[in-house]
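Engineer: I am sharing my_file-v1.cif, which consists of mmCIF, C-alpha atoms and all ligand atoms:
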```
data_final
#
loop_
_atom_site.label_atom_id
_atom_site.label_comp_id
_atom_site.auth_asym_id
_atom_site.auth_seq_id
_atom_site.Cartn_x
_atom_site.Cartn_y
_atom_site.Cartn_z
CA MET A 1 -154.61 -33.79 -66.90
CA ILE A 2 -152.38 -30.86 -65.99
CA ASN A 3 -154.59 -30.30 -63.01
CA ASN A 4 -154.21 -33.91 -61.86
CA LYS A 5 -150.44 -33.82 -62.26
CA PHE A 6 -150.32 -30.68 -60.19
CA ARG A 7 -152.53 -32.28 -57.56
CA ILE A 8 -150.25 -35.36 -57.29
CA HIS A 9 -147.17 -33.14 -56.98
CA ALA A 10 -148.88 -31.12 -54.33
CA ILE A 11 -149.87 -34.26 -52.39
CA VAL A 12 -146.31 -35.63 -52.62
CA ALA A 13 -144.90 -32.31 -51.45
CA VAL A 14 -147.26 -32.24 -48.48
CA LEU A 15 -146.41 -35.85 -47.62
CA VAL A 16 -142.67 -35.14 -47.74
CA LEU A 17 -143.14 -32.11 -45.54
CA PHE A 18 -145.27 -34.08 -43.12
CA VAL A 19 -142.82 -36.99 -42.89
CA SER A 20 -139.76 -34.74 -42.55
CA ASN A 21 -141.60 -32.83 -39.87
CA LEU A 22 -142.20 -36.08 -37.97
CA TRP A 23 -138.54 -36.98 -38.36
CA ALA A 24 -137.46 -33.59 -37.11
CA GLN A 25 -139.66 -33.93 -34.07
CA ASN A 26 -138.54 -37.40 -33.21
CA LEU A 27 -138.15 -38.15 -29.53
CA GLU A 28 -136.22 -41.12 -28.27
CA ILE A 29 -136.09 -42.44 -24.71
CA TYR A 30 -133.17 -44.65 -23.69
CA GLY A 31 -133.10 -46.88 -20.61
CA GLU A 32 -135.20 -49.45 -18.85
CA TYR A 33 -138.56 -48.73 -17.29
CA SER A 34 -137.63 -50.51 -14.08
CA THR A 35 -136.83 -49.72 -10.45
CA GLY A 36 -133.22 -48.58 -9.92
CA SER A 37 -132.94 -47.30 -13.48
CA VAL A 38 -131.90 -44.03 -15.04
CA LEU A 39 -133.25 -43.02 -18.44
CA PHE A 40 -132.57 -40.18 -20.76
CA GLY A 41 -134.45 -38.65 -23.62
CA VAL A 42 -133.24 -36.82 -26.67
CA GLY A 43 -135.31 -35.13 -29.32
CA GLU A 44 -135.45 -32.08 -31.47
CA GLY A 45 -136.93 -28.80 -30.40
CA ILE A 46 -137.95 -29.85 -26.91
CA GLU A 47 -139.80 -27.00 -25.23
CA PHE A 48 -140.06 -28.78 -21.92
CA ALA A 49 -139.93 -32.22 -20.33
CA LYS A 50 -141.81 -32.95 -17.12
CA LEU A 51 -141.99 -35.96 -14.84
CA ASP A 52 -145.31 -35.59 -13.03
CA SER A 53 -145.15 -31.93 -11.93
CA VAL A 54 -141.34 -31.65 -11.93
CA TYR A 55 -139.67 -29.91 -14.86
CA LEU A 56 -136.54 -31.74 -16.00
CA ASP A 57 -133.42 -29.96 -17.19
CA VAL A 58 -133.27 -29.90 -20.98
CA ASP A 59 -129.98 -28.76 -22.49
CA ASP A 60 -129.11 -27.17 -25.85
CA GLY A 61 -128.65 -30.63 -27.35
CA ASN A 62 -132.23 -31.47 -26.28
CA TYR A 63 -131.15 -34.06 -23.74
CA PHE A 64 -132.96 -34.70 -20.47
CA ALA A 65 -132.61 -37.39 -17.79
CA PHE A 66 -134.73 -38.96 -15.10
CA GLY A 67 -134.53 -41.98 -12.83
CA PHE A 68 -136.33 -44.34 -10.51
CA ASP A 69 -135.11 -45.34 -7.08
CA ARG A 70 -134.70 -48.98 -6.04
CA ASP A 71 -137.97 -48.73 -4.13
CA ASP A 72 -139.77 -46.37 -6.52
CA LYS A 73 -142.69 -48.34 -7.92
CA ASN A 74 -145.19 -45.52 -8.42
CA GLU A 75 -146.59 -44.75 -11.81
CA ARG A 76 -145.27 -41.52 -13.31
CA LEU A 77 -146.36 -39.35 -16.17
CA LEU A 78 -143.69 -38.21 -18.61
CA HIS A 79 -144.84 -35.14 -20.50
CA VAL A 80 -142.66 -33.72 -23.26
CA LYS A 81 -143.63 -30.77 -25.43
CA LEU A 82 -141.88 -30.39 -28.76
CA SER A 83 -141.74 -27.27 -30.89
CA GLY A 84 -144.66 -27.11 -33.26
CA GLY A 85 -147.00 -28.07 -30.47
CA LYS A 86 -146.49 -31.83 -30.60
CA VAL A 87 -146.98 -33.39 -27.19
CA TYR A 88 -145.59 -36.72 -26.00
CA LEU A 89 -147.33 -38.26 -23.00
CA LYS A 90 -146.32 -41.56 -21.48
CA LYS A 91 -147.45 -43.23 -18.29
CA ILE A 92 -144.52 -45.10 -16.78
CA LYS A 93 -144.88 -47.77 -14.17
CA PRO A 94 -141.36 -48.95 -13.23
CA GLU A 95 -141.11 -52.70 -13.37
CA GLN A 96 -139.98 -54.19 -10.06
CA ALA A 97 -136.43 -55.56 -10.34
CA SER A 98 -135.56 -58.48 -8.07
CA TYR A 99 -132.95 -57.91 -5.36
CA LYS A 100 -130.84 -60.36 -3.38
CA ILE A 101 -130.15 -60.96 0.27
CA GLN A 102 -126.40 -60.83 0.97
CA ARG A 103 -124.83 -62.14 4.18
CA ILE A 104 -121.36 -60.96 5.23
CA ASN A 105 -119.95 -62.56 8.37
CA ASN A 106 -116.29 -61.53 8.47
CA MET A 107 -116.82 -57.76 8.88
CA GLN A 108 -114.78 -56.18 11.69
CA GLN A 109 -117.19 -55.56 14.57
CA LYS A 110 -116.24 -51.85 14.76
CA HIS A 111 -117.55 -51.41 11.23
CA VAL A 112 -120.86 -53.19 11.85
CA THR A 113 -121.73 -51.03 14.83
CA PRO A 114 -119.32 -48.09 15.01
CA PRO A 115 -117.75 -47.39 18.43
CA GLN A 116 -118.90 -44.26 20.27
CA SER A 117 -115.46 -42.68 19.76
CA GLU A 118 -116.02 -42.65 15.98
CA ILE A 119 -119.54 -41.19 16.00
CA ASP A 120 -118.43 -37.52 15.80
CA ARG A 121 -116.20 -38.32 12.89
CA ILE A 122 -118.97 -40.19 11.08
CA VAL A 123 -121.39 -37.28 11.58
CA ARG A 124 -118.78 -34.82 10.27
CA GLU A 125 -118.08 -36.95 7.21
CA ARG A 126 -121.79 -37.36 6.53
CA LYS A 127 -122.16 -33.56 6.48
CA ILE A 128 -119.31 -33.18 3.99
CA THR A 129 -120.83 -35.88 1.78
CA ARG A 130 -124.29 -34.32 1.96
CA ALA A 131 -122.92 -30.89 1.02
CA ALA A 132 -121.17 -32.38 -2.02
CA HIS A 133 -124.34 -34.21 -3.09
CA LYS A 134 -126.31 -30.96 -2.77
CA ARG A 135 -124.26 -29.55 -5.62
CA ILE A 136 -125.49 -32.28 -7.95
CA GLY A 137 -128.01 -30.54 -10.19
CA GLU A 138 -125.93 -27.38 -10.65
CA VAL A 139 -124.88 -28.61 -14.09
CA LYS A 140 -127.90 -28.36 -16.40
CA GLU A 141 -126.02 -29.74 -19.36
CA ALA A 142 -126.02 -33.47 -20.20
CA LEU A 143 -122.28 -34.05 -19.70
CA TYR A 144 -123.07 -37.78 -19.82
CA LYS A 145 -123.95 -37.60 -23.51
CA ASN A 146 -120.50 -38.86 -24.55
CA GLY A 147 -121.51 -42.25 -23.18
CA PHE A 148 -120.70 -44.55 -20.30
CA GLN A 149 -118.06 -47.10 -19.47
CA ARG A 150 -117.26 -49.53 -16.68
CA PRO A 151 -114.83 -47.87 -14.23
CA ILE A 152 -112.72 -51.06 -14.16
CA LYS A 153 -112.06 -53.48 -16.95
CA GLY A 154 -113.02 -57.02 -15.90
CA GLY A 155 -112.96 -58.08 -12.26
CA ARG A 156 -115.30 -60.24 -10.26
CA ILE A 157 -118.68 -58.77 -9.28
CA SER A 158 -118.58 -59.33 -5.51
CA GLY A 159 -121.76 -57.41 -4.63
CA VAL A 160 -124.77 -56.39 -6.68
CA PHE A 161 -127.00 -53.35 -6.45
CA GLY A 162 -130.08 -53.37 -4.26
CA SER A 163 -129.34 -56.35 -2.05
CA GLN A 164 -130.36 -56.37 1.58
CA ARG A 165 -127.15 -56.81 3.55
CA ILE A 166 -126.93 -58.79 6.73
CA LEU A 167 -123.59 -58.00 8.40
CA ASN A 168 -122.56 -60.52 11.06
CA GLY A 169 -126.24 -61.43 11.40
CA VAL A 170 -127.48 -57.81 11.73
CA PRO A 171 -129.76 -56.49 8.93
CA LYS A 172 -128.22 -53.28 7.59
CA ASN A 173 -128.78 -50.73 4.86
CA ILE A 174 -129.55 -51.72 1.32
CA HIS A 175 -126.39 -52.18 -0.74
CA ASN A 176 -126.63 -49.20 -3.05
CA GLY A 177 -123.82 -49.97 -5.48
CA LEU A 178 -122.00 -52.53 -7.53
CA ASP A 179 -118.83 -54.09 -6.07
CA ILE A 180 -116.01 -55.06 -8.39
CA ALA A 181 -113.17 -57.01 -6.77
CA LYS A 182 -109.70 -56.26 -8.18
CA PRO A 183 -106.21 -56.06 -6.64
CA ARG A 184 -105.11 -52.91 -4.87
CA GLY A 185 -103.64 -50.43 -7.35
CA THR A 186 -105.90 -51.36 -10.28
CA PRO A 187 -106.78 -48.14 -12.16
CA VAL A 188 -110.31 -46.77 -11.66
CA HIS A 189 -111.78 -44.69 -14.50
CA ALA A 190 -114.59 -42.12 -14.64
CA MET A 191 -117.77 -43.76 -16.00
CA ALA A 192 -118.65 -40.63 -17.99
CA ASP A 193 -117.61 -36.99 -18.45
CA GLY A 194 -118.23 -34.79 -15.43
CA PHE A 195 -117.04 -32.53 -12.64
CA VAL A 196 -115.48 -33.94 -9.47
CA ARG A 197 -117.55 -32.77 -6.49
CA LEU A 198 -115.86 -34.75 -3.73
CA ALA A 199 -112.41 -36.29 -3.35
CA ALA A 200 -112.53 -37.25 0.32
CA ASP A 201 -109.73 -38.73 2.41
CA THR A 202 -110.12 -41.86 4.56
CA PHE A 203 -113.76 -41.59 5.55
CA PHE A 204 -114.90 -44.12 8.17
CA TYR A 205 -117.30 -45.96 5.85
CA ALA A 206 -116.36 -44.87 2.32
CA GLY A 207 -112.58 -44.63 2.77
CA ASN A 208 -111.03 -42.49 0.05
CA ASN A 209 -113.97 -41.67 -2.18
CA ILE A 210 -114.78 -39.61 -5.26
CA LEU A 211 -118.11 -38.13 -6.38
CA ILE A 212 -118.56 -37.00 -10.00
CA ASP A 213 -121.40 -34.83 -11.37
CA HIS A 214 -122.41 -35.89 -14.90
CA GLY A 215 -125.06 -33.20 -15.29
CA GLN A 216 -128.86 -33.08 -15.02
CA GLY A 217 -128.80 -34.79 -11.62
CA LEU A 218 -126.78 -37.83 -12.66
CA SER A 219 -123.79 -38.63 -10.44
CA SER A 220 -121.40 -41.49 -9.77
CA LYS A 221 -119.26 -42.43 -6.80
CA TYR A 222 -116.14 -44.55 -6.33
CA LEU A 223 -115.35 -45.83 -2.83
CA HIS A 224 -112.56 -47.53 -0.83
CA LEU A 225 -109.79 -46.23 -3.15
CA SER A 226 -106.13 -46.63 -2.20
CA LYS A 227 -105.18 -43.54 -4.21
CA MET A 228 -107.02 -40.55 -5.74
CA ASP A 229 -105.74 -38.67 -8.80
CA VAL A 230 -108.34 -35.87 -9.01
CA LYS A 231 -109.33 -32.73 -7.13
CA VAL A 232 -112.68 -31.11 -6.37
CA ASP A 233 -114.15 -29.14 -9.32
CA GLU A 234 -111.77 -30.74 -11.80
CA PHE A 235 -113.38 -31.78 -15.10
CA VAL A 236 -112.78 -35.42 -16.02
CA LYS A 237 -113.39 -37.21 -19.29
CA LYS A 238 -115.07 -40.58 -19.65
CA GLY A 239 -112.40 -43.24 -19.12
CA GLN A 240 -109.94 -40.89 -17.43
CA LYS A 241 -108.08 -42.52 -14.54
CA ILE A 242 -109.34 -40.98 -11.30
CA GLY A 243 -107.74 -43.30 -8.74
CA GLU A 244 -106.82 -46.83 -7.77
CA VAL A 245 -108.63 -49.76 -6.16
CA GLY A 246 -108.10 -50.16 -2.42
CA THR A 247 -109.77 -51.31 0.76
CA THR A 248 -109.96 -48.08 2.77
CA GLY A 249 -113.01 -47.50 5.02
CA ARG A 250 -115.59 -50.23 5.66
CA SER A 251 -114.33 -52.92 3.33
CA THR A 252 -113.27 -56.54 3.70
CA GLY A 253 -110.79 -56.60 0.82
CA PRO A 254 -109.61 -54.62 -2.23
CA HIS A 255 -112.62 -53.74 -4.39
CA LEU A 256 -114.42 -50.80 -5.95
CA HIS A 257 -117.84 -49.91 -4.60
CA TRP A 258 -119.38 -48.01 -7.49
CA THR A 259 -122.67 -46.15 -7.11
CA VAL A 260 -124.84 -44.14 -9.48
CA GLN A 261 -127.62 -41.77 -8.53
CA TRP A 262 -130.12 -39.48 -10.22
CA TYR A 263 -130.41 -36.79 -7.53
CA ASP A 264 -131.19 -38.89 -4.43
CA LYS A 265 -132.57 -41.84 -6.39
CA ARG A 266 -130.40 -44.94 -6.13
CA VAL A 267 -129.71 -46.40 -9.54
CA ASP A 268 -128.19 -49.76 -10.53
CA PRO A 269 -124.77 -49.12 -12.15
CA ALA A 270 -125.20 -52.33 -14.18
CA LEU A 271 -128.16 -50.72 -15.98
CA ILE A 272 -126.24 -47.56 -16.86
CA LEU A 273 -123.94 -49.44 -19.20
CA LYS A 274 -126.94 -50.53 -21.28
CA LEU A 275 -127.63 -46.88 -22.06
CA ASN A 276 -124.87 -46.50 -24.61
CA LYS A 277 -126.19 -45.85 -28.06
CA PRO A 278 -124.78 -48.30 -30.62
CA ASP A 279 -123.38 -45.40 -32.63
CA GLY A 280 -121.26 -44.13 -29.80
CA PHE A 281 -123.89 -42.01 -28.12
CA GLU A 282 -123.34 -38.72 -29.97
ZN ZN A 301 -120.25 -52.25 -1.99
#
```
Could I get this structure in the form of structure tokens?
Structural biologist:
Amino acid sequence: MINNKFRIHAIVAVLVLFVSNLWAQNLEIYGEYSTGSVLFGVGEGIEFAKLDSVYLDVDDGNYFAFGFDRDDKNERLLHVKLSGGKVYLKKIKPEQASYKIQRINNMQQKHVTPPQSEIDRIVRERKITRAAHKRIGEVKEALYKNGFQRPIKGGRISGVFGSQRILNGVPKNIHNGLDIAKPRGTPVHAMADGFVRLAADTFFYAGNNILIDHGQGLSSKYLHLSKMDVKVDEFVKKGQKIGEVGTTGRSTGPHLHWTVQWYDKRVDPALILKLNKPDGFE
């Protein structure tokens, strides 16, 4: 009898230990398994996280991020090792999102095919932009973990992510952002915490534009601004005003062109807002 009681206690104790161990080693992945999507994982005691053969940055809070480009349809293997030897393996085949064809016919001709006189300037600006983007990845910490918000409250969506643009009848680059139309002067807010890596004046295409590094390869960009309130390397909080809506650069009217990337992968900003945890993301 005593023996049996002891045995039951022992079994219960082992079960409790086992269950609490599973809880402690929980791993959650947030985000959609689709093209143009960024995802992040958070767990406890992550030793490493790998996407195929690439090691992802894992910070002290056990956060890591990864993303799929608009045209990235290949199957990937996510491999996460947790302390205690538990291994999480998941094959991910991004679901193909559908993208639109967008025709714009009132674009100034000089912006459809830039004049020769502007080519040097465009090349120079491209170099500056590329150098700023190269710095994305320096921050290994998940600064984005305080959550995401829309840079503008309300406003009409005048262009969606991923559409094939046809400007004055000429097929052009894929539209890599989300356009929100709002009057000039409307405040634009940072979508998440991060460091400003570019606050560029009157670029030919992007106009006044800001690039923010949210850590672990995640970045966001805000184009065509009429005014900028931040400087390079400044830290901004989620929701902080960084500038105002305008129509500088290649733009047909006041709007914000908002882009999100994971390294060089083009991500749909509309999907990023779905990443917020219901409990405020902490
Ligand atoms: Zn746009």
Engineer: Which chain A residues have any atom within 12 Å of an atom of ligand ZN 301 (chain A), and for each, what is the nearest pair of atoms with distance in Å to one decimal, counting only C-alpha atoms and all ligand atoms, rows sorted by chain and number, as JSON lines?
Structural biologist:
```
{"residue": "A:Gln102", "atom": "CA", "partner": "A:ZN301", "partner_atom": "ZN", "distance": 11.0}
{"residue": "A:Ile104", "atom": "CA", "partner": "A:ZN301", "partner_atom": "ZN", "distance": 11.4}
{"residue": "A:Ile157", "atom": "CA", "partner": "A:ZN301", "partner_atom": "ZN", "distance": 9.9}
{"residue": "A:Ser158", "atom": "CA", "partner": "A:ZN301", "partner_atom": "ZN", "distance": 8.1}
{"residue": "A:Gly159", "atom": "CA", "partner": "A:ZN301", "partner_atom": "ZN", "distance": 6.0}
{"residue": "A:Val160", "atom": "CA", "partner": "A:ZN301", "partner_atom": "ZN", "distance": 7.7}
{"residue": "A:Phe161", "atom": "CA", "partner": "A:ZN301", "partner_atom": "ZN", "distance": 8.2}
{"residue": "A:Gly162", "atom": "CA", "partner": "A:ZN301", "partner_atom": "ZN", "distance": 10.2}
{"residue": "A:Ser163", "atom": "CA", "partner": "A:ZN301", "partner_atom": "ZN", "distance": 10.0}
{"residue": "A:Gln164", "atom": "CA", "partner": "A:ZN301", "partner_atom": "ZN", "distance": 11.5}
{"residue": "A:Arg165", "atom": "CA", "partner": "A:ZN301", "partner_atom": "ZN", "distance": 10.0}
{"residue": "A:Asn173", "atom": "CA", "partner": "A:ZN301", "partner_atom": "ZN", "distance": 11.0}
{"residue": "A:Ile174", "atom": "CA", "partner": "A:ZN301", "partner_atom": "ZN", "distance": 9.9}
{"residue": "A:His175", "atom": "CA", "partner": "A:ZN301", "partner_atom": "ZN", "distance": 6.3}
{"residue": "A:Asn176", "atom": "CA", "partner": "A:ZN301", "partner_atom": "ZN", "distance": 7.2}
{"residue": "A:Gly177", "atom": "CA", "partner": "A:ZN301", "partner_atom": "ZN", "distance": 5.5}
{"residue": "A:Leu178", "atom": "CA", "partner": "A:ZN301", "partner_atom": "ZN", "distance": 5.8}
{"residue": "A:Asp179", "atom": "CA", "partner": "A:ZN301", "partner_atom": "ZN", "distance": 4.7}
{"residue": "A:Ile180", "atom": "CA", "partner": "A:ZN301", "partner_atom": "ZN", "distance": 8.2}
{"residue": "A:Ala181", "atom": "CA", "partner": "A:ZN301", "partner_atom": "ZN", "distance": 9.8}
{"residue": "A:Tyr205", "atom": "CA", "partner": "A:ZN301", "partner_atom": "ZN", "distance": 10.5}
{"residue": "A:Ala206", "atom": "CA", "partner": "A:ZN301", "partner_atom": "ZN", "distance": 9.4}
{"residue": "A:Gly207", "atom": "CA", "partner": "A:ZN301", "partner_atom": "ZN", "distance": 11.8}
{"residue": "A:Lys221", "atom": "CA", "partner": "A:ZN301", "partner_atom": "ZN", "distance": 11.0}
{"residue": "A:Tyr222", "atom": "CA", "partner": "A:ZN301", "partner_atom": "ZN", "distance": 9.7}
{"residue": "A:Leu223", "atom": "CA", "partner": "A:ZN301", "partner_atom": "ZN", "distance": 8.1}
{"residue": "A:His224", "atom": "CA", "partner": "A:ZN301", "partner_atom": "ZN", "distance": 9.1}
{"residue": "A:Thr247", "atom": "CA", "partner": "A:ZN301", "partner_atom": "ZN", "distance": 10.9}
{"residue": "A:Gly249", "atom": "CA", "partner": "A:ZN301", "partner_atom": "ZN", "distance": 11.1}
{"residue": "A:Arg250", "atom": "CA", "partner": "A:ZN301", "partner_atom": "ZN", "distance": 9.2}
{"residue": "A:Ser251", "atom": "CA", "partner": "A:ZN301", "partner_atom": "ZN", "distance": 8.0}
{"residue": "A:Thr252", "atom": "CA", "partner": "A:ZN301", "partner_atom": "ZN", "distance": 10.0}
{"residue": "A:Gly253", "atom": "CA", "partner": "A:ZN301", "partner_atom": "ZN", "distance": 10.8}
{"residue": "A:Pro254", "atom": "CA", "partner": "A:ZN301", "partner_atom": "ZN", "distance": 10.9}
{"residue": "A:His255", "atom": "CA", "partner": "A:ZN301", "partner_atom": "ZN", "distance": 8.1}
{"residue": "A:Leu256", "atom": "CA", "partner": "A:ZN301", "partner_atom": "ZN", "distance": 7.2}
{"residue": "A:His257", "atom": "CA", "partner": "A:ZN301", "partner_atom": "ZN", "distance": 4.3}
{"residue": "A:Trp258", "atom": "CA", "partner": "A:ZN301", "partner_atom": "ZN", "distance": 7.0}
{"residue": "A:Thr259", "atom": "CA", "partner": "A:ZN301", "partner_atom": "ZN", "distance": 8.3}
{"residue": "A:Val260", "atom": "CA", "partner": "A:ZN301", "partner_atom": "ZN", "distance": 12.0}
{"residue": "A:Asp268", "atom": "CA", "partner": "A:ZN301", "partner_atom": "ZN", "distance": 11.9}
{"residue": "A:Pro269", "atom": "CA", "partner": "A:ZN301", "partner_atom": "ZN", "distance": 11.6}
```
Engineer: Nearest residue to A:Ile29 out of A:Ser219, A:Ser53, A:Thr248, A:Asn62, using all atoms listed in the file?
Structural biologist: A:Asn62
Engineer: Which residues of stretch 101-209 of chain A come within 10 Å of stretch 227-232 of chain A, and what is each one's closest atom pair and distance in Å (one decimal), counting only C-alpha atoms, sorted by chain and residue number, as a Markdown table?
Structural biologist:
```
| residue | atom | partner | partner_atom | distance |
| --- | --- | --- | --- | --- |
| A:Ala132 | CA | A:Val232 | CA | 9.6 |
| A:Arg184 | CA | A:Lys227 | CA | 9.4 |
| A:Gly185 | CA | A:Lys227 | CA | 7.7 |
| A:Thr186 | CA | A:Lys227 | CA | 9.9 |
| A:Pro187 | CA | A:Lys227 | CA | 9.3 |
| A:Val188 | CA | A:Met228 | CA | 9.2 |
| A:Phe195 | CA | A:Val232 | CA | 7.8 |
| A:Val196 | CA | A:Val232 | CA | 5.0 |
| A:Arg197 | CA | A:Val232 | CA | 5.1 |
| A:Leu198 | CA | A:Val232 | CA | 5.5 |
| A:Ala199 | CA | A:Val232 | CA | 6.0 |
| A:Ala200 | CA | A:Met228 | CA | 8.8 |
| A:Asp201 | CA | A:Met228 | CA | 8.8 |
| A:Asn208 | CA | A:Met228 | CA | 7.3 |
| A:Asn209 | CA | A:Met228 | CA | 7.9 |
```
Engineer: Nearest to A:Pro94: which of A:Asn106, A:Gln116, A:Ser37, A:Gln149 is it, counting only C-alpha atoms?
Structural biologist: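 Closest residue, counting only C-alpha atoms: A:Ser37.
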Engineer: Quick one: of A:Glu234, A:Gly36, A:Glu28, A:Ala192, who's nearest to A:Tyr144, counting only C-alpha atoms?
Structural biologist: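 Nearest candidate to A:Tyr144 out of A:Glu234, A:Gly36, A:Glu28, A:Ala192: A:Ala192.
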Engineer: Identify, on the basis of only C-alpha atoms, every residue whose closest approach to A:Tyr63 does not exceed 7 Å; exclude the query and any residue fewer than 2 positions from it along the same chain; express the result as a list in words.
Structural biologist: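 In the requested format, the answer is Phe40, Gly41, Val42, Val58, Asp59, Gly61, Ala65 and Ala142 of chain A.
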Engineer: Rank A:Ile46, A:Leu273, A:Leu56, A:Val123 by their smallest atom-to-atom distance to A:Tyr88, using all atoms listed in the file, and report the top residue only.
Structural biologist: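 Under the stated criterion, the closest residue is A:Ile46.
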Engineer: Ranking A:Leu271, A:Leu51, A:Phe203, A:Lys73 by minimum distance to A:Ile128 and counting all atoms listed in the file, which one comes first?
Structural biologist: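 Counting all atoms listed in the file, the residue closest to A:Ile128 is A:Phe203.
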Engineer: Work out how far atom CA of A:Arg126 is from atom CA of A:Ser220, in Å to one decimal.
Structural biologist: 16.8 Å
Engineer: Of the candidates A:Phe64, A:Phe204, A:Phe148, A:Tyr99, which one gets nearest to A:Ile272 if we count all atoms listed in the file?
Structural biologist: A:Phe148
Engineer: Kindly give the distance, in Å, that separates atom CA of A:Ile101 and atom CA of A:Pro114, rounded to a single decimal.
Structural biologist: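 Taking atom CA of A:Ile101 and atom CA of A:Pro114, their separation equals 22.4 Å.
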Engineer: Quick one, how far is atom CA of A:Pro151 from atom CA of A:Gly239?
Structural biologist: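 These two atoms are separated by 7.2 Å.
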Engineer: Return as AutoDock Vina command-line options the box centre and box size in Å, one decimal, for an axis-aligned box around all listed atoms of stretch 26-44 of chain A padded by 8 Å per side.
Structural biologist:
```
--center_x -135.2 --center_y -41.3 --center_z -21.6 --size_x 22.7 --size_y 34.4 --size_z 39.3
```
Engineer: Tell me which protein, DNA and RNA residues are within 7 Å of A:Val236, counting only C-alpha atoms, leaving out same-chain ones fewer than 4 positions away, and put them as a list in words.
Structural biologist: Asp193, Gly194, Phe195 and Gln240 of chain A
